[in-house]
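**Q** Before we start, here is the structure in question, set down as structure tokens.
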Amino acid sequence: MSQYSMVIQWLEEDRLFLVTIPEFADLVMMPCTHGKTRAEAIHNGEEVIEMYLEAWQAEGESIPEPITLQAVSSKVLSNR
């Protein structure tokens, strides 16, 4: 599983889960894939991420960095 973000949203009209990859939004048409189930959408999203990363690497293109969350320090938690 990659470290890239995926946003999974239900589209009632088509009865599908749509997948958006925020890090790729400026480079690839979004949503980039879908699935009939949430699990299928996640699987398809992981395949799309791999496909684009391999293609960009083969073409010598720059690869977007994954968005990461910073860990919340224990000091911040103890102040709650």
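Identifiers in this document derive from the order of the structure tokens: chains are assigned A, B, ..., residues are numbered from 1 separately in each chain, and ligands are numbered from 1 in order of occurrence.
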Can you tell me, as a count of residues only, what residues are no more than 8 Å from Val7 of chain A when counting only C-alpha atoms, ignoring any on the same chain fewer than 5 positions away?
**A** 5
**Q** Extract, using only C-alpha atoms, all DNA, RNA and protein residues at most 7 Å from Pro64 of chain A, discarding same-chain residues fewer than 2 positions from it, and format them as a count of residues only.
**A** 3
**Q** Which of these, A:Glu61, A:Tyr52, A:Ile8, A:Ile67, has the shortest distance to Glu40 of chain A once you count only C-alpha atoms?
**A**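 The shortest atom-to-atom distance to Glu40 of chain A comes from A:Ile8.
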**Q** With only C-alpha atoms as the counted atoms, please give the residues lying no more than 10 Å from Lys36 of chain A, apart from itself and same-chain residues fewer than 2 positions off, as a VMD selection string.
**A** chain A and resid 10 14 to 18 34 38 to 41
**Q** Take the residues from that selection and put them in a file with N, CA, C and O atoms, as a CSV table (one decimal), in the first residue's frame.
**A**
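Produced file again.csv, reproduced below:
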```csv
chain,number,residue,atom,x,y,z
A,10,TRP,N,-19.1,8.4,-2.3
A,10,TRP,CA,-20.2,7.7,-2.9
A,10,TRP,C,-20.9,8.6,-3.9
A,10,TRP,O,-21.2,9.7,-3.5
A,14,ASP,N,-24.7,7.2,-9.9
A,14,ASP,CA,-24.1,6.0,-10.6
A,14,ASP,C,-23.9,4.8,-9.8
A,14,ASP,O,-23.5,3.7,-10.2
A,15,ARG,N,-24.2,5.0,-8.5
A,15,ARG,CA,-24.1,3.9,-7.5
A,15,ARG,C,-22.7,3.3,-7.5
A,15,ARG,O,-22.5,2.1,-7.5
A,16,LEU,N,-21.7,4.2,-7.4
A,16,LEU,CA,-20.3,3.8,-7.4
A,16,LEU,C,-19.5,4.6,-6.4
A,16,LEU,O,-20.0,5.8,-6.0
A,17,PHE,N,-18.4,4.1,-5.9
A,17,PHE,CA,-17.5,4.8,-5.1
A,17,PHE,C,-16.4,5.4,-6.0
A,17,PHE,O,-15.8,4.7,-6.7
A,18,LEU,N,-16.3,6.8,-5.9
A,18,LEU,CA,-15.3,7.5,-6.8
A,18,LEU,C,-14.0,7.7,-6.0
A,18,LEU,O,-14.1,7.9,-4.8
A,34,HIS,N,-12.8,4.2,-9.9
A,34,HIS,CA,-14.0,4.0,-9.1
A,34,HIS,C,-14.1,2.5,-8.8
A,34,HIS,O,-13.3,1.7,-9.2
A,38,ARG,N,-16.6,-0.2,-1.7
A,38,ARG,CA,-15.5,0.6,-1.1
A,38,ARG,C,-14.1,-0.2,-1.3
A,38,ARG,O,-13.1,0.4,-1.7
A,39,ALA,N,-14.1,-1.5,-1.0
A,39,ALA,CA,-12.9,-2.3,-1.2
A,39,ALA,C,-12.4,-2.3,-2.6
A,39,ALA,O,-11.2,-2.1,-2.8
A,40,GLU,N,-13.3,-2.4,-3.6
A,40,GLU,CA,-12.9,-2.4,-5.0
A,40,GLU,C,-12.3,-1.0,-5.3
A,40,GLU,O,-11.4,-0.9,-6.1
A,41,ALA,N,-13.0,0.1,-4.8
A,41,ALA,CA,-12.5,1.4,-5.1
A,41,ALA,C,-11.1,1.6,-4.6
A,41,ALA,O,-10.2,2.2,-5.3
```
**Q** So what do you get for atom CA of Gln57 of chain A versus atom CA of Leu69 of chain A, distance-wise?
**A** 24.9 Å
**Q** Write out as a list in words the set of residues from segment 32-65 of chain A that DSSP, computed on the backbone, places in helix (DSSP H, G or I).
**A**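 Everything in segment 32-65 of chain A that counts as helix (DSSP H, G or I) is Arg38, Ala39, Glu40, Ala41, Ile42, His43, Asn44, Gly45, Glu46, Glu47, Val48, Ile49, Glu50, Met51, Tyr52, Leu53, Glu54, Ala55, Trp56, Gln57 and Ala58 of chain A.
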**Q** Hey, what does DSSP flag as strand (DSSP E) within chain A? Can you give it to me as a list in words?
**A** Val7, Ile8, Gln9, Trp10, Leu11, Leu16, Phe17, Leu18, Val19, Thr20, Thr33, His34 and Gly35 of chain A
**Q** Which residue is closest to Thr37 of chain A? Choose from A:Leu11, A:Ala58, A:Leu53, A:Ala25 and count only C-alpha atoms.
**A**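 For Thr37 of chain A, the nearest of the given residues is A:Leu11.
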